[in-house]
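Read the structure below first, then the notes.
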Amino acid sequence: DQQVKQNSPSLSVQEGRISILNCDYTNSMFDYFLWYKKYPAEGPTFLISISSIKDKNEDGRFTVFLNKSAKHLSLHIVPSQPGDSAVYFCAASEWDSGGGADGLTFGKGTHLIIQP
Amino acid sequence: NAGVTQTPKFQVLKTGQSMTLQCAQDMNHNSMYWYRQDPGMGLRLIYYSASEGTTDKGEVPNGYNVSRLNKREFSLRLESAAPSQTSVYFCASSEHRVGETQYFGPGTRLLVL
């Protein structure tokens, strides 16, 4: 049972336009969400995160939106640049009642292609 | 400051052979993790170590063992490699606690024949 879902395996966007990557989750106990960017043959690189107490977090060209009622988050990249072409992973964690968590749960990723 | 380093970068094993994947971080982080990534899949947690001296199973621990050697180093061992363990393995660390932002190494590509 996949708890974090990225339903678009790939997304093509023109340079300079907005890229919107979507992520859905099923576990209502998740309280921290992250986006990672991954280039081929490299490890994932942390991009931006959001706590469940917020609905928006912005960092430069990157904004993450969280809709808890819909169990949905999205990453907006404005404007999109050629270097943004990569695989983007959505991830989530749950801080359980025992005071611990057991790592991040990842989606399968969306391959973003920025076209000139 | 190298961040998270992993050795080797690439390894080919025959079925039944054993090997240890090494991971080290120089960020003084408390928690460390091992993930595997298979084609078309997200990263799946194999084992993690919340702090020095502790280890716990993740989503896919079967066929693996880990050792948190000290605060810096966290190794992953395959005792008897199987073709199903062909994958890319990533080590990660986080500063204070499990579940917060993690920083990843470059990965080890393992092929089991």
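FYI, nothing fancy with the structure tokens labels: chains A, B, ... in order, residues from 1 per chain, ligands from 1 as they appear.
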Kindly determine which residues of chain B lie within 8 Å of chain A, considering only C-alpha atoms, and give the answer as a list in words.
->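 For chain B, the answer reads Tyr33, Gly40, Met41, Gly42, Leu43, Arg44, Leu45, Tyr48, Gly58, Phe90, Arg97, Val98, Gly99, Glu100, Thr101, Gln102, Tyr103, Phe104, Gly105, Pro106 and Gly107 of chain B.
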Shell of 7 Å around region 52-57 of chain A, only C-alpha atoms, local chain residues under 3 positions omitted, as a list in words |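 Counting only C-alpha atoms, the residues come to Asp31, Tyr32, Thr63, Val64, Phe65, Leu66 and Asn67 of chain A.
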Could you give me, as a PyMOL selection string, each residue of chain B that DSSP assigns to strand (DSSP E or B) when run on this structure's backbone?
-> chain B and resi 4-7+10-13+19-25+31-37+43-49+56-57+64-68+73-78+87-94+103-104+108-112
What does the distance between CA of Gln25 (chain B) and CA of His111 (chain A) come to in Å, to one decimal place?
->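 Separation between CA of Gln25 (chain B) and CA of His111 (chain A): 28.4 Å.
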Atomic separation - CA of Leu76 (chain B) relative to CA of Ser51 (chain B), Å =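 Computed distance, CA of Ser51 (chain B) to CA of Leu76 (chain B), equals 15.8 Å.
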If you measure from CA of Gln3 (chain A) to CA of Asn27 (chain A), what distance in Å do you get, rounded to one decimal?
->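 Taking CA of Gln3 (chain A) as the start and CA of Asn27 (chain A) as the end point, the length is 6.1 Å.
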